[in-house]
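Next comes work_35.cif, a file with mmCIF, C-alpha atoms and all ligand atoms.
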data_work
loop_
_atom_site.label_atom_id
_atom_site.label_comp_id
_atom_site.auth_asym_id
_atom_site.auth_seq_id
_atom_site.Cartn_x
_atom_site.Cartn_y
_atom_site.Cartn_z
CA MET A 274 11.31 -6.47 24.22
CA GLN A 275 9.19 -8.28 26.75
CA HIS A 276 8.46 -4.92 28.30
CA ALA A 277 7.34 -3.64 24.88
CA ARG A 278 4.93 -6.54 24.41
CA GLN A 279 3.46 -5.96 27.86
CA GLN A 280 2.72 -2.35 26.91
CA GLY A 281 0.93 -3.59 23.81
CA VAL A 282 3.48 -2.18 21.33
CA ASP A 283 3.83 -4.42 18.30
CA ARG A 284 7.08 -6.25 17.70
CA LEU A 285 8.23 -4.40 14.58
CA ASP A 286 7.50 -0.99 16.12
CA ALA A 287 9.44 -1.97 19.25
CA GLN A 288 12.40 -3.11 17.12
CA LEU A 289 12.39 0.20 15.24
CA LEU A 290 12.28 2.13 18.54
CA LEU A 291 15.17 0.06 19.88
CA SER A 292 17.17 0.66 16.67
CA ASP A 293 16.50 4.37 17.12
CA ALA A 294 17.56 4.31 20.80
CA VAL A 295 20.89 2.63 20.06
CA GLN A 296 21.34 4.36 16.66
CA GLN A 297 22.08 1.02 14.99
CA GLY A 298 20.43 -1.04 12.27
CA HIS A 299 18.62 -4.36 12.42
CA ALA A 300 21.75 -6.47 11.71
CA TRP A 301 23.56 -4.90 14.66
CA LEU A 302 20.58 -5.59 16.93
CA LEU A 303 20.58 -9.27 15.95
CA ALA A 304 24.30 -9.60 16.74
CA HIS A 305 24.10 -7.62 19.99
CA GLY A 306 20.71 -8.76 21.24
CA SER A 307 21.91 -9.40 24.76
CA ASP A 308 24.04 -6.26 25.25
CA ALA A 309 22.89 -3.97 28.03
CA LEU A 310 21.60 -0.55 27.02
CA SER A 311 23.33 2.54 28.38
CA PRO A 312 21.12 4.61 30.71
CA ALA A 313 20.57 7.19 27.95
CA GLN A 314 19.61 4.50 25.44
CA GLN A 315 17.29 2.90 27.96
CA THR A 316 15.53 6.21 28.64
CA ARG A 317 15.13 6.89 24.93
CA PHE A 318 13.77 3.39 24.28
CA LEU A 319 11.31 3.47 27.21
CA THR A 320 10.11 6.97 26.32
CA GLY A 321 9.49 5.80 22.76
CA LEU A 322 7.58 2.74 23.96
CA THR A 323 5.40 4.80 26.26
CA ARG A 324 4.57 7.27 23.47
CA ARG A 325 3.80 4.45 21.04
CA ALA A 326 1.66 2.65 23.64
CA ALA A 327 -0.34 5.89 24.00
CA GLY A 328 -1.14 5.73 20.29
CA GLU A 329 1.31 8.29 18.92
CA PRO A 330 2.28 7.39 15.34
CA LEU A 331 5.74 5.82 15.04
CA ALA A 332 6.79 8.42 12.44
CA TYR A 333 6.43 11.27 14.97
CA ILE A 334 8.45 9.37 17.58
CA LEU A 335 11.24 8.49 15.15
CA GLY A 336 10.97 11.89 13.45
CA ASP A 337 10.95 10.59 9.90
CA LYS A 338 8.97 8.62 7.33
CA ALA A 339 9.90 7.02 4.01
CA PHE A 340 7.92 8.22 0.98
CA PHE A 341 8.54 7.30 -2.65
CA GLY A 342 12.13 6.30 -1.83
CA LEU A 343 12.94 9.51 0.08
CA THR A 344 13.38 9.82 3.85
CA LEU A 345 11.40 12.84 5.04
CA ALA A 346 11.57 14.50 8.44
CA VAL A 347 8.09 14.81 9.96
CA SER A 348 6.73 16.58 13.04
CA PRO A 349 3.21 16.92 14.46
CA ASP A 350 2.93 20.08 12.30
CA VAL A 351 2.55 17.91 9.20
CA LEU A 352 0.46 14.98 8.07
CA ILE A 353 2.51 11.78 7.93
CA PRO A 354 2.98 10.87 4.24
CA ARG A 355 0.89 7.81 3.28
CA PRO A 356 1.76 5.12 0.75
CA ASP A 357 -1.66 5.85 -0.85
CA THR A 358 -0.29 9.20 -2.00
CA GLU A 359 2.40 7.48 -4.08
CA THR A 360 -0.41 6.87 -6.63
CA LEU A 361 -0.63 10.64 -7.15
CA VAL A 362 3.15 10.96 -7.60
CA GLU A 363 3.23 8.10 -10.14
CA TRP A 364 0.48 9.75 -12.16
CA ALA A 365 2.29 13.11 -12.04
CA LEU A 366 5.55 11.52 -13.26
CA GLU A 367 3.72 9.91 -16.20
CA LEU A 368 2.52 13.34 -17.26
CA LEU A 369 5.91 15.03 -16.89
CA PRO A 370 8.39 14.33 -19.69
CA ALA A 371 11.96 13.74 -18.45
CA GLN A 372 14.57 16.45 -19.19
CA THR A 373 11.91 19.14 -19.51
CA ALA A 374 11.53 22.28 -17.44
CA SER A 375 7.83 21.65 -16.74
CA THR A 376 6.17 23.93 -14.20
CA VAL A 377 4.54 22.05 -11.32
CA LEU A 378 2.57 23.29 -8.31
CA ASP A 379 1.87 21.25 -5.13
CA LEU A 380 -0.93 22.68 -2.97
CA GLY A 381 -0.90 21.93 0.77
CA THR A 382 2.56 20.41 0.63
CA GLY A 383 2.82 19.53 4.35
CA SER A 384 6.15 17.70 4.77
CA GLY A 385 6.86 18.45 1.10
CA ALA A 386 6.38 14.77 0.21
CA ILE A 387 4.72 15.13 -3.22
CA ALA A 388 6.73 18.15 -4.38
CA LEU A 389 10.04 16.62 -3.31
CA ALA A 390 9.31 13.20 -4.86
CA ILE A 391 8.44 14.90 -8.17
CA GLN A 392 11.50 17.17 -8.06
CA HIS A 393 13.74 14.18 -7.24
CA HIS A 394 12.51 12.28 -10.31
CA ARG A 395 12.26 15.29 -12.63
CA PRO A 396 15.35 17.36 -11.83
CA GLN A 397 14.65 19.84 -14.65
CA ALA A 398 11.10 20.58 -13.45
CA LYS A 399 10.35 23.90 -11.76
CA VAL A 400 8.38 22.81 -8.71
CA THR A 401 6.56 25.26 -6.42
CA ALA A 402 4.97 24.10 -3.16
CA VAL A 403 2.38 26.01 -1.13
CA ASP A 404 1.11 25.58 2.41
CA ALA A 405 -1.09 27.71 4.69
CA SER A 406 0.89 26.56 7.73
CA GLU A 407 4.23 28.28 8.33
CA ALA A 408 5.20 25.47 10.69
CA ALA A 409 4.58 22.90 7.94
CA LEU A 410 6.61 24.98 5.47
CA ARG A 411 9.57 24.95 7.86
CA VAL A 412 9.44 21.12 7.88
CA ALA A 413 9.14 20.99 4.07
CA GLN A 414 11.98 23.50 3.59
CA ALA A 415 14.26 21.52 5.89
CA ASN A 416 13.47 18.38 3.89
CA ALA A 417 14.26 20.15 0.62
CA GLN A 418 17.55 21.34 2.04
CA ASN A 419 18.54 17.90 3.38
CA LEU A 420 17.70 16.29 0.05
CA ASN A 421 19.26 19.13 -1.91
CA LEU A 422 16.14 19.61 -4.03
CA PRO A 423 15.44 23.10 -5.43
CA VAL A 424 11.68 23.34 -4.73
CA THR A 425 10.32 26.90 -4.29
CA PHE A 426 8.07 27.35 -1.23
CA ARG A 427 5.23 29.85 -0.82
CA HIS A 428 3.09 30.59 2.22
CA GLY A 429 -0.67 31.02 1.90
CA SER A 430 -4.03 29.46 1.22
CA TRP A 431 -4.33 27.26 -1.91
CA LEU A 432 -3.75 29.35 -5.05
CA THR A 433 -3.54 32.76 -3.36
CA PRO A 434 0.28 32.84 -3.12
CA VAL A 435 0.70 32.13 -6.85
CA ALA A 436 -1.57 34.91 -8.15
CA GLY A 437 -0.92 35.55 -11.84
CA GLN A 438 1.15 32.37 -12.31
CA ARG A 439 0.27 29.40 -14.55
CA PHE A 440 1.55 25.84 -14.37
CA GLU A 441 1.58 22.76 -16.58
CA LEU A 442 0.60 20.51 -13.66
CA ILE A 443 -1.11 21.16 -10.33
CA VAL A 444 -1.22 18.38 -7.74
CA SER A 445 -2.73 18.30 -4.27
CA ASN A 446 -3.48 16.00 -1.38
CA PRO A 447 -5.79 18.39 0.49
CA PRO A 448 -7.78 17.64 3.64
CA TYR A 449 -10.79 15.58 2.57
CA ILE A 450 -12.22 13.84 5.62
CA ALA A 451 -15.73 14.90 6.67
CA GLU A 452 -15.92 16.67 10.03
CA GLY A 453 -17.37 14.19 12.50
CA ASP A 454 -16.12 11.16 10.53
CA PRO A 455 -15.48 8.38 13.09
CA HIS A 456 -12.17 7.73 11.27
CA MET A 457 -10.84 10.96 12.88
CA ALA A 458 -10.63 9.27 16.28
CA ALA A 459 -7.61 7.31 15.07
CA LEU A 460 -5.91 10.42 13.63
CA GLY A 461 -5.83 12.58 16.77
CA PHE A 462 -2.07 13.11 16.71
CA GLU A 463 -2.06 14.65 13.24
CA PRO A 464 -2.92 18.28 12.39
CA ARG A 465 -6.67 18.61 12.05
CA GLN A 466 -6.39 21.31 9.39
CA ALA A 467 -4.54 18.79 7.19
CA LEU A 468 -7.35 16.24 7.53
CA THR A 469 -10.89 17.62 7.70
CA ALA A 470 -12.71 19.85 5.23
CA GLY A 471 -16.30 20.69 6.08
CA PRO A 472 -19.36 18.51 6.57
CA ASP A 473 -18.76 16.36 3.46
CA GLY A 474 -14.96 16.65 3.35
CA LEU A 475 -15.12 18.42 -0.03
CA ASP A 476 -14.72 22.09 1.01
CA ASP A 477 -11.06 22.38 0.03
CA LEU A 478 -11.38 20.20 -3.08
CA ARG A 479 -14.19 22.54 -4.26
CA GLN A 480 -12.02 25.63 -3.71
CA ILE A 481 -9.02 24.14 -5.48
CA ILE A 482 -11.03 22.91 -8.48
CA ALA A 483 -12.75 26.27 -8.87
CA ALA A 484 -9.51 28.27 -8.69
CA ALA A 485 -7.19 25.93 -10.65
CA PRO A 486 -8.24 26.64 -14.28
CA ALA A 487 -6.96 30.24 -14.03
CA HIS A 488 -3.57 28.83 -12.95
CA LEU A 489 -3.19 26.14 -15.61
CA HIS A 490 -1.78 26.55 -19.10
CA PRO A 491 -4.11 25.24 -21.82
CA GLY A 492 -3.62 21.46 -21.84
CA GLY A 493 -2.36 21.51 -18.22
CA TRP A 494 -3.46 18.88 -15.70
CA LEU A 495 -4.95 18.98 -12.21
CA LEU A 496 -4.51 15.78 -10.12
CA LEU A 497 -6.22 15.45 -6.74
CA GLU A 498 -6.14 12.91 -3.95
CA HIS A 499 -9.49 12.27 -2.26
CA GLY A 500 -11.38 9.86 -0.01
CA TYR A 501 -12.40 6.37 -1.16
CA ASP A 502 -16.05 7.55 -1.37
CA GLN A 503 -15.40 10.82 -3.24
CA PRO A 504 -14.30 9.92 -6.81
CA VAL A 505 -17.70 10.66 -8.37
CA ALA A 506 -18.09 13.99 -6.56
CA VAL A 507 -14.58 15.09 -7.56
CA ALA A 508 -15.05 13.98 -11.18
CA GLN A 509 -18.33 15.94 -11.34
CA LEU A 510 -16.68 19.06 -9.92
CA LEU A 511 -13.85 18.80 -12.47
CA THR A 512 -16.29 18.38 -15.36
CA ALA A 513 -18.43 21.28 -14.10
CA HIS A 514 -15.31 23.50 -14.16
CA GLY A 515 -14.50 22.63 -17.76
CA PHE A 516 -11.91 19.88 -17.30
CA SER A 517 -11.73 17.12 -19.90
CA ASN A 518 -10.17 13.63 -19.89
CA VAL A 519 -11.33 13.22 -16.29
CA SER A 520 -10.35 9.86 -14.79
CA THR A 521 -9.71 8.14 -11.45
CA ARG A 522 -6.79 6.03 -10.25
CA PHE A 523 -6.74 3.43 -7.48
CA ASP A 524 -4.29 3.07 -4.59
CA LEU A 525 -2.44 -0.11 -3.59
CA GLY A 526 -5.34 -1.03 -1.31
CA GLY A 527 -7.65 -1.00 -4.36
CA GLN A 528 -9.51 2.18 -3.32
CA PRO A 529 -10.28 5.00 -5.77
CA ARG A 530 -7.77 7.55 -4.49
CA CYS A 531 -6.94 10.19 -7.14
CA THR A 532 -9.03 11.93 -9.78
CA GLY A 533 -7.65 14.31 -12.35
CA GLY A 534 -8.47 16.17 -15.52
CA GLN A 535 -7.00 18.37 -18.21
CA ARG A 536 -7.72 22.00 -19.01
CA PRO A 537 -8.78 21.96 -22.65
CA ALA A 538 -6.08 23.21 -25.05
N1 LIG B 1 -5.50 9.43 3.66
C1 LIG B 1 -5.51 10.02 4.96
C2 LIG B 1 -6.28 9.15 5.91
O1 LIG B 1 -7.41 8.83 5.65
C3 LIG B 1 -6.10 11.40 4.93
C4 LIG B 1 -5.26 12.34 4.14
C5 LIG B 1 -5.96 13.62 3.82
O2 LIG B 1 -6.95 14.02 4.45
N2 LIG B 1 -5.48 14.25 2.85
O3 LIG B 1 -5.74 8.74 6.91
#
Turn this file's structure into structure tokens for me.
Ligand code: GLN
Amino acid sequence: MQHARQQGVDRLDAQLLLSDAVQQGHAWLLAHGSDALSPAQQTRFLTGLTRRAAGEPLAYILGDKAFFGLTLAVSPDVLIPRPDTETLVEWALELLPAQTASTVLDLGTGSGAIALAIQHHRPQAKVTAVDASEAALRVAQANAQNLNLPVTFRHGSWLTPVAGQRFELIVSNPPYIAEGDPHMAALGFEPRQALTAGPDGLDDLRQIIAAAPAHLHPGGWLLLEHGYDQPVAVAQLLTAHGFSNVSTRFDLGGQPRCTGGQRPA
């Protein structure tokens, strides 16, 4: 632990890396704090510390991340699910009646986080998840299999793979950071194509909003995550494409994080 502190790794991260190296929980660590590590455990722990000290996100080192009560495998092929995105899932669940076979589409599913959280809480829903990255889809499919959730996966860009299909709800956490945003410096381990979208960060949101009406049943909803400084732009785009009941929801940090609207009935 002293070694961890010297490398500048914070205490909780070091404890989680140690737990991972010995494959034991926190209670075991407290009771066995002075046990020696086996050589294999020591190597695993030190490798983890070195990676963390170099700035790699803990989730990639451990290989998983908790999201909305589910444990999801993650790799550098997918964005690490953020607690902010739970706002989008909560909104989606409010719109989806229980015990109903609602049709739901998740665009740019990445690890599958949003689609799997919705499917877990609405077992009757028919959830489809799309991603342009085959590597990301492999991660999402493995998560669906581990969690035994019957999400359907499709490969391709935004709405292209669901040509001719309509849904009651479309959700997406697309890339929305502006290219050249200084914030990107801290996100260098995550896939760039999951993060940035043109000079103002709105390129993908524009495409999705323009294409979504043709894929929504009358009365269907489109819910989008976006940057803290984009709620007005997203609301304007939704209104310009005929959506009604447009509103914005805030994340746990108090930032405007999701904007959505309804295709008129
Ligand atoms: N919320 C993420 C971040 O700012 C970005 C996620 C995204 O681009 N969809 O770290």
* Asked: When you draw a straight line from CA of Arg427 (chain A) to CA of Gly534 (chain A), how long is it in Å?
  ->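 Interatomic distance here is 24.3 Å.
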* Asked: Leaving out His305 (chain A) and any residue of its chain fewer than 6 positions from it, which residues lie within 12 Å of it when counting all atoms listed in the file, given as a list of chain:residue names?
  ->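 In the requested format, the answer is A:Leu291, A:Ser292, A:Val295, A:Gln297, A:Gly298, A:His299.
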* Option closest in space to Val424 (chain A), from A:Pro455, A:Lys338, A:Thr376, A:Tyr449 [counting only C-alpha atoms] ->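 Looking at the shortest contact to Val424 (chain A), the residue is A:Thr376.
Compared by their closest atoms to Ser375 (chain A), and using all atoms listed in the file, the residues A:Gly493, A:Gly429, A:Pro354, A:Gly336 rank with A:Gly493 nearest.
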Kindly provide, as an mmCIF file with C-alpha atoms, keeping the file's coordinate frame, all nucleotide and amino acid residues lying within 8 Å of ligand LIG 1 (chain B), counting all atoms listed in the file.
data_model
loop_
_atom_site.group_PDB
_atom_site.id
_atom_site.type_symbol
_atom_site.label_atom_id
_atom_site.label_comp_id
_atom_site.auth_asym_id
_atom_site.auth_seq_id
_atom_site.Cartn_x
_atom_site.Cartn_y
_atom_site.Cartn_z
ATOM 1 C CA LEU A 352 0.460 14.980 8.070
ATOM 2 C CA ARG A 355 0.890 7.810 3.280
ATOM 3 C CA ASP A 357 -1.660 5.850 -0.850
ATOM 4 C CA THR A 358 -0.290 9.200 -2.000
ATOM 5 C CA ASN A 446 -3.480 16.000 -1.380
ATOM 6 C CA PRO A 447 -5.790 18.390 0.490
ATOM 7 C CA PRO A 448 -7.780 17.640 3.640
ATOM 8 C CA TYR A 449 -10.790 15.580 2.570
ATOM 9 C CA ILE A 450 -12.220 13.840 5.620
ATOM 10 C CA HIS A 456 -12.170 7.730 11.270
ATOM 11 C CA LEU A 460 -5.910 10.420 13.630
ATOM 12 C CA ALA A 467 -4.540 18.790 7.190
ATOM 13 C CA LEU A 468 -7.350 16.240 7.530
ATOM 14 C CA THR A 469 -10.890 17.620 7.700
ATOM 15 C CA GLU A 498 -6.140 12.910 -3.950
ATOM 16 C CA HIS A 499 -9.490 12.270 -2.260
ATOM 17 C CA GLY A 500 -11.380 9.860 -0.010
#
* All residues 9 Å or closer to region 511-525 of chain A, only C-alpha atoms, same chain fewer than 3 positions away omitted, as a PyMOL selection string -> chain A and resi 356-361+364+482-483+486+494-495+501+504-508+528-537
* Looking at A:Leu290, A:Val282, A:Val403, A:Leu310, which one is nearest to Thr382 (chain A), with distances taken over only C-alpha atoms? -> A:Val403
* Could you jot down the CA of Leu378 (chain A) to CA of Gly526 (chain A) separation for me, Å, one decimal place? =>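 Computed distance, CA of Leu378 (chain A) to CA of Gly526 (chain A), equals 26.5 Å.
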* **Within 9 Å of Arg317 (chain A) using only C-alpha atoms, minus same-chain residues under 3 positions, as an MDAnalysis selection string** => chainID A and resid 290:291 293:295 312:314 320:322
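A straight line drawn from CA of Gln296 (chain A) to CA of Thr316 (chain A) is 13.4 Å long.
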* Nearest residue to Phe340 (chain A) from the set A:Thr401, A:Gln438, A:Gln280, A:Ser384 (distances using only C-alpha atoms) ->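 Among the listed residues, the smallest separation from Phe340 (chain A) belongs to A:Ser384.
For the set A:Leu302, A:Leu422, A:Val362, A:Leu368, the residue with the smallest atom-to-atom gap to Gln392 (chain A) is A:Leu422, counting all atoms listed in the file.
Among the candidates A:Ala458, A:Ala409, A:Ala309, A:Leu475, the residue lying nearest to Asp502 (chain A) is A:Leu475 (atoms considered: all atoms listed in the file).
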Exercise: Arg325 (chain A) partners within 12 Å, only C-alpha atoms, chain neighbours under 3 positions left out, as a PDB file with C-alpha atoms, keeping the file's coordinate frame:
ATOM      1  CA  ALA A 277       7.340  -3.640  24.880  1.00  0.00           C
ATOM      2  CA  ARG A 278       4.930  -6.540  24.410  1.00  0.00           C
ATOM      3  CA  GLN A 280       2.720  -2.350  26.910  1.00  0.00           C
ATOM      4  CA  GLY A 281       0.930  -3.590  23.810  1.00  0.00           C
ATOM      5  CA  VAL A 282       3.480  -2.180  21.330  1.00  0.00           C
ATOM      6  CA  ASP A 283       3.830  -4.420  18.300  1.00  0.00           C
ATOM      7  CA  ARG A 284       7.080  -6.250  17.700  1.00  0.00           C
ATOM      8  CA  LEU A 285       8.230  -4.400  14.580  1.00  0.00           C
ATOM      9  CA  ASP A 286       7.500  -0.990  16.120  1.00  0.00           C
ATOM     10  CA  ALA A 287       9.440  -1.970  19.250  1.00  0.00           C
ATOM     11  CA  LEU A 289      12.390   0.200  15.240  1.00  0.00           C
ATOM     12  CA  LEU A 290      12.280   2.130  18.540  1.00  0.00           C
ATOM     13  CA  PHE A 318      13.770   3.390  24.280  1.00  0.00           C
ATOM     14  CA  LEU A 319      11.310   3.470  27.210  1.00  0.00           C
ATOM     15  CA  THR A 320      10.110   6.970  26.320  1.00  0.00           C
ATOM     16  CA  GLY A 321       9.490   5.800  22.760  1.00  0.00           C
ATOM     17  CA  LEU A 322       7.580   2.740  23.960  1.00  0.00           C
ATOM     18  CA  GLY A 328      -1.140   5.730  20.290  1.00  0.00           C
ATOM     19  CA  GLU A 329       1.310   8.290  18.920  1.00  0.00           C
ATOM     20  CA  PRO A 330       2.280   7.390  15.340  1.00  0.00           C
ATOM     21  CA  LEU A 331       5.740   5.820  15.040  1.00  0.00           C
ATOM     22  CA  ALA A 332       6.790   8.420  12.440  1.00  0.00           C
ATOM     23  CA  TYR A 333       6.430  11.270  14.970  1.00  0.00           C
ATOM     24  CA  ILE A 334       8.450   9.370  17.580  1.00  0.00           C
ATOM     25  CA  LEU A 335      11.240   8.490  15.150  1.00  0.00           C
ATOM     26  CA  PHE A 462      -2.070  13.110  16.710  1.00  0.00           C
TER      27      PHE A 462
END
* To do: With all atoms listed in the file counted, which protein, DNA or RNA residues have an atom no more than 7 Å from (-1.2, 16.1, -8.9) in the file frame? Please answer as a PyMOL selection string.
  => chain A and resi 361-362+365+442-445+495-497
